[in-house]
Amino acid sequence: MKNNIGVMGLAVMGRNLALNIADHGYTVSLFNRTYAVGQEVMEETPHKNFTLYEGLEEFVSSLEAPRKIIIMVKAGRPVDLVIESLIPLLDKGDIIMDGGNSFFEDTIRRHKEVSAQGLHYLGVGISGGEEGARFGPSIMPGGDREAYAEVENILLDIAAKAYGEPCTTYVGDDGAGHFVKTVHNGIEYADMQLIAESYSLLKHVGGLSNDELAETFDTWNKGELDSYLIEITAEIFKVKDDKTDKHLIDVILDKAEQKGTGKWTVQEGLNTGTDVSLLASAVFARMMSSNKVQRVVAQNKLNYFGERSLIEDKDAFVEKVRQALYASKIIAYAQGFDLMKNAAKDYGWDLNYGEIAKIFRAGCIIRAKFLDKITEAYDKDKNLDNLMLDESFKTSIDAYQATLREVAALAIQNGISAPAFTNAISYYDAYRTSDSNANLIQAQRDFFGAHTFERTDMDGAYHHEWGNKDA
């Protein structure tokens, strides 16, 4: 008997995904370049549906036709090396799936190269971390529809479930799956940054203790902010350090790392001409956090001359921060979905934004009750220009925008860096401004570089002789 599917790469994500597949009754062939790692998997997490192979040819031969192989290795050159080793061993119609965090343009290239060999290729975005891979991730497959049909049942079975619906669907051609995963991560960066800025304001302006912060986030998670990130934030503030008598949060170094997907989101914003300033602010905030040594020096040299706010009503202040966070969250998602819309035009993808929101509802890091509203928004209008224009989201922003302005101003007045909050309200104001200041920029460009400008009263491009440019 041949096995149903193969998994190559048995680090934490690969191992957990393989266990998830095996738990759903599928027989799984396992392969790892270092055989000892595979042996560890068989010893530590044995499963009746697992078979480990030492040789690659033996591994490939163990699979039923069409062969289905999921690659779970580090993104970049390792993926290309695995593909190169597989191609000579595969037959026409066999399927290679990349389940790692690959850059979507690499996936587009690989799709073309593999297709030219008569094989199928799927770039499969997987979100949810170790736990998601093990018990049900959000899965974003892109590539050949024919290939997706062959693996659809497996993906539907192993995906997370929201209201009984699997958190996976065919996303689009070639690199669409990995692109959507990239944008998911960009939104994730923004969501985390907004929560971190809320923490700063609640702690340093509102004076909340860690116990009060835990209670606050617990309460928030019972309302419209109900989400995985709010839930785990509440738990973080409850944990005591086992080496001191302090809360663990207070002994964690304030340097946030990143793996690159946030940066890719910002780059694609530039490439597609999409304003993703809020998402970008979260990426730059992580970069600034890495400058710990410089920040310590600067704290003693660069002075704050503002006037600290005195918060007399703690509960009222907490509610203001909550409202600002929710309004900013809407704006972050608006930017992310706008980026997907513009990229779909550039790359020729037919993306279903309501379905994409659905597959984010469970399993992934940004899973939230809020995503139901996004699905409803696109169900009402699949051609919606921007999520902020949906009546439900517009109503929320109308109700909370004054508070967002107040909270952003409070952060500035109190010397607290809040780039995500301030970018959120700036984006909102820019989007709703019909007559902007860009006419002056166009005039400046024409003045010093004869770049021409358009007029409000006539069609075409115009140039004006501005006079003495050296004066």
# chains A, B, ... in the order shown; residues from 1 in each chain; ligands from 1
>>> closest_atom_pairs(of="stretch 190-282 of chain A", to="stretch 409-416 of chain A", cutoff="8 Å", atoms="only C-alpha atoms", output="tab-separated table")
residue	atom	partner	partner_atom	distance
A:Ser200	CA	A:Ile416	CA	7.5
A:Leu201	CA	A:Ala411	CA	6.9
A:Val205	CA	A:Asn414	CA	7.5
>>> residues_around(residues="stretch 6-13 of chain A", least_positions_apart="4", cutoff="9 Å", atoms="only C-alpha atoms", output="number ranges by chain")
A: 17-18, 27-33, 37-38, 41, 59-60, 62-63, 67-74, 82, 100, 129-131, 133-134
>>> write_last_selection(atoms="N, CA, C and O atoms", output="compact mmCIF listing (two decimals), in the first residue's frame")
# COMPACT_ATOMS: atom_id res chain seq x y z
N LEU A 17 2.64 19.47 11.65
CA LEU A 17 1.72 19.35 10.52
C LEU A 17 1.54 17.89 10.14
O LEU A 17 0.42 17.44 9.84
N ALA A 18 2.63 17.13 10.15
CA ALA A 18 2.55 15.70 9.83
C ALA A 18 1.66 14.97 10.83
O ALA A 18 0.85 14.11 10.46
N THR A 27 -2.21 8.38 5.69
CA THR A 27 -0.89 7.77 5.90
C THR A 27 0.17 8.72 5.37
O THR A 27 0.06 9.24 4.26
N VAL A 28 1.22 8.90 6.18
CA VAL A 28 2.20 9.96 5.90
C VAL A 28 3.61 9.40 5.81
O VAL A 28 4.09 8.74 6.74
N SER A 29 4.26 9.66 4.68
CA SER A 29 5.69 9.35 4.54
C SER A 29 6.50 10.54 5.04
O SER A 29 6.17 11.69 4.73
N LEU A 30 7.54 10.25 5.82
CA LEU A 30 8.35 11.31 6.40
C LEU A 30 9.77 11.26 5.86
O LEU A 30 10.34 10.18 5.66
N PHE A 31 10.34 12.46 5.65
CA PHE A 31 11.74 12.53 5.21
C PHE A 31 12.37 13.80 5.78
O PHE A 31 11.76 14.87 5.75
N ASN A 32 13.57 13.65 6.28
CA ASN A 32 14.36 14.79 6.71
C ASN A 32 15.79 14.61 6.22
O ASN A 32 16.32 13.49 6.24
N ARG A 33 16.38 15.71 5.76
CA ARG A 33 17.74 15.61 5.21
C ARG A 33 18.69 14.97 6.22
O ARG A 33 19.54 14.15 5.87
N VAL A 37 17.11 13.37 12.78
CA VAL A 37 15.96 14.20 13.17
C VAL A 37 14.67 13.42 12.98
O VAL A 37 13.77 13.44 13.82
N GLY A 38 14.58 12.70 11.85
CA GLY A 38 13.41 11.87 11.60
C GLY A 38 13.27 10.77 12.64
O GLY A 38 12.16 10.45 13.08
N VAL A 41 11.73 12.14 15.72
CA VAL A 41 10.28 12.30 15.57
C VAL A 41 9.57 10.97 15.83
O VAL A 41 8.56 10.93 16.55
N PHE A 59 11.55 7.46 -0.32
CA PHE A 59 10.46 8.31 0.18
C PHE A 59 9.47 8.63 -0.94
O PHE A 59 8.25 8.45 -0.78
N VAL A 60 9.97 9.06 -2.09
CA VAL A 60 9.11 9.42 -3.21
C VAL A 60 8.34 8.20 -3.71
O VAL A 60 7.14 8.27 -4.01
N SER A 62 7.29 5.77 -2.14
CA SER A 62 6.31 5.26 -1.17
C SER A 62 4.94 5.90 -1.33
O SER A 62 3.98 5.49 -0.68
N LEU A 63 4.84 6.93 -2.21
CA LEU A 63 3.61 7.72 -2.29
C LEU A 63 2.71 7.29 -3.44
O LEU A 63 3.18 6.96 -4.52
N ARG A 67 1.59 11.83 -6.71
CA ARG A 67 2.31 12.03 -5.46
C ARG A 67 2.07 13.45 -4.94
O ARG A 67 2.09 14.41 -5.69
N LYS A 68 1.89 13.54 -3.63
CA LYS A 68 1.64 14.82 -2.97
C LYS A 68 2.69 15.00 -1.89
O LYS A 68 2.73 14.22 -0.93
N ILE A 69 3.53 16.02 -2.04
CA ILE A 69 4.65 16.24 -1.11
C ILE A 69 4.61 17.66 -0.57
O ILE A 69 4.58 18.62 -1.35
N ILE A 70 4.59 17.79 0.75
CA ILE A 70 4.64 19.11 1.39
C ILE A 70 6.06 19.37 1.86
O ILE A 70 6.63 18.57 2.62
N ILE A 71 6.64 20.48 1.40
CA ILE A 71 7.97 20.89 1.83
C ILE A 71 7.84 21.83 3.02
O ILE A 71 7.18 22.86 2.93
N MET A 72 8.46 21.48 4.14
CA MET A 72 8.42 22.32 5.34
C MET A 72 9.85 22.64 5.76
O MET A 72 10.34 22.19 6.80
N VAL A 73 10.53 23.40 4.91
CA VAL A 73 11.91 23.78 5.20
C VAL A 73 12.01 25.31 5.21
O VAL A 73 11.09 26.02 4.82
N LYS A 74 13.16 25.80 5.64
CA LYS A 74 13.37 27.25 5.73
C LYS A 74 13.23 27.89 4.36
O LYS A 74 13.70 27.37 3.35
N VAL A 82 15.52 21.61 -2.44
CA VAL A 82 14.61 20.47 -2.28
C VAL A 82 13.87 20.20 -3.59
O VAL A 82 13.75 19.05 -4.04
N GLY A 100 6.09 26.59 3.70
CA GLY A 100 6.88 27.53 4.50
C GLY A 100 6.49 28.98 4.24
O GLY A 100 5.55 29.27 3.49
N GLY A 129 1.34 29.03 13.93
CA GLY A 129 2.46 28.58 14.74
C GLY A 129 2.43 27.09 15.01
O GLY A 129 1.77 26.32 14.31
N GLU A 130 3.15 26.68 16.05
CA GLU A 130 3.27 25.25 16.37
C GLU A 130 1.92 24.63 16.71
O GLU A 130 1.57 23.55 16.24
N GLU A 131 1.16 25.34 17.54
CA GLU A 131 -0.13 24.81 17.97
C GLU A 131 -1.10 24.69 16.80
O GLU A 131 -1.83 23.71 16.66
N ALA A 133 -0.33 24.34 13.57
CA ALA A 133 0.11 23.24 12.70
C ALA A 133 -0.35 21.90 13.28
O ALA A 133 -0.78 21.00 12.54
N ARG A 134 -0.27 21.78 14.59
CA ARG A 134 -0.59 20.52 15.24
C ARG A 134 -2.09 20.23 15.28
O ARG A 134 -2.53 19.10 15.03
>>> select_by_dssp(residues="stretch 12-220 of chain A", states="strand (DSSP E or B)", output="ChimeraX atom specification")
/A:28-31,50-52,63,68-71,95-98,120-127,138-143,161-162,165-166,168,172
>>> write_last_selection(atoms="C-alpha atoms", output="JSON list (two decimals), in the first residue's frame")
[["chain", "number", "residue", "atom", "x", "y", "z"],
["A", 28, "VAL", "CA", 2.20, 9.96, 5.90],
["A", 29, "SER", "CA", 5.69, 9.35, 4.54],
["A", 30, "LEU", "CA", 8.35, 11.31, 6.40],
["A", 31, "PHE", "CA", 11.74, 12.53, 5.21],
["A", 50, "PHE", "CA", 3.85, 7.47, 10.04],
["A", 51, "THR", "CA", 6.56, 5.82, 7.94],
["A", 52, "LEU", "CA", 10.07, 7.30, 8.02],
["A", 63, "LEU", "CA", 3.61, 7.72, -2.29],
["A", 68, "LYS", "CA", 1.64, 14.82, -2.97],
["A", 69, "ILE", "CA", 4.65, 16.24, -1.11],
["A", 70, "ILE", "CA", 4.64, 19.11, 1.39],
["A", 71, "ILE", "CA", 7.97, 20.89, 1.83],
["A", 95, "ILE", "CA", 2.28, 17.78, -6.76],
["A", 96, "ILE", "CA", 4.86, 19.76, -4.79],
["A", 97, "MET", "CA", 3.55, 22.01, -2.01],
["A", 98, "ASP", "CA", 5.65, 24.62, -0.19],
["A", 120, "HIS", "CA", 2.03, 20.85, -10.25],
["A", 121, "TYR", "CA", 3.07, 23.42, -7.65],
["A", 122, "LEU", "CA", 1.19, 24.96, -4.74],
["A", 123, "GLY", "CA", 2.44, 27.76, -2.51],
["A", 124, "VAL", "CA", 0.63, 27.11, 0.75],
["A", 125, "GLY", "CA", 0.56, 29.83, 3.39],
["A", 126, "ILE", "CA", 0.14, 28.30, 6.84],
["A", 127, "SER", "CA", -0.56, 30.39, 9.93],
["A", 138, "SER", "CA", -5.38, 28.67, 8.81],
["A", 139, "ILE", "CA", -4.28, 27.48, 5.36],
["A", 140, "MET", "CA", -3.88, 29.68, 2.25],
["A", 141, "PRO", "CA", -3.15, 27.54, -0.83],
["A", 142, "GLY", "CA", -2.34, 29.16, -4.16],
["A", 143, "GLY", "CA", -1.28, 27.65, -7.49],
["A", 161, "LYS", "CA", -12.66, 25.24, 12.06],
["A", 162, "ALA", "CA", -14.71, 28.38, 12.68],
["A", 165, "GLU", "CA", -16.32, 25.78, 8.50],
["A", 166, "PRO", "CA", -12.71, 24.87, 7.59],
["A", 168, "THR", "CA", -8.95, 27.17, 4.16],
["A", 172, "GLY", "CA", -5.65, 32.08, -6.42]]
>>> select_by_dssp(residues="stretch 326-413 of chain A", states="alpha helix (DSSP H)", output="ChimeraX atom specification")
/A:326-347,353-359,371-380,391-413
>>> residues_around(residues="A:Glu224", least_positions_apart="3", cutoff="9 Å", atoms="only C-alpha atoms", output="mmCIF file with N, CA and C atoms, in the first residue's frame")
data_model
loop_
_atom_site.group_PDB
_atom_site.id
_atom_site.type_symbol
_atom_site.label_atom_id
_atom_site.label_comp_id
_atom_site.auth_asym_id
_atom_site.auth_seq_id
_atom_site.Cartn_x
_atom_site.Cartn_y
_atom_site.Cartn_z
ATOM 1 N N TRP A 220 -11.687 43.316 27.723
ATOM 2 C CA TRP A 220 -11.722 43.657 26.300
ATOM 3 C C TRP A 220 -11.995 42.428 25.437
ATOM 4 N N ASN A 221 -11.470 41.290 25.866
ATOM 5 C CA ASN A 221 -11.627 40.070 25.069
ATOM 6 C C ASN A 221 -13.051 39.520 25.110
ATOM 7 N N SER A 227 -10.267 38.490 20.472
ATOM 8 C CA SER A 227 -9.289 37.972 19.514
ATOM 9 C C SER A 227 -8.223 37.182 20.248
ATOM 10 N N TYR A 326 -9.754 49.828 18.754
ATOM 11 C CA TYR A 326 -10.689 49.210 17.819
ATOM 12 C C TYR A 326 -10.751 49.982 16.503
ATOM 13 N N LYS A 369 -13.076 37.769 16.377
ATOM 14 C CA LYS A 369 -14.508 37.911 16.127
ATOM 15 C C LYS A 369 -14.761 38.962 15.043
ATOM 16 N N PHE A 370 -13.925 39.973 15.049
ATOM 17 C CA PHE A 370 -13.976 41.104 14.121
ATOM 18 C C PHE A 370 -14.014 40.674 12.649
#
>>> atom_distance(atom1="atom CA of A:Ile425", atom2="atom CA of A:Arg405")
6.7 Å
>>> closest_residue(among="A:Glu235, A:Gly206, A:Ala443, A:Leu279", to="A:Arg308", atoms="only C-alpha atoms")
A:Gly206
>>> atom_distance(atom1="atom CA of A:Asp338", atom2="atom CA of A:Ala324")
21.0 Å
>>> closest_residue(among="A:Lys203, A:Gly273, A:Ser309, A:His178", to="A:Asp250", atoms="only C-alpha atoms")
A:Lys203
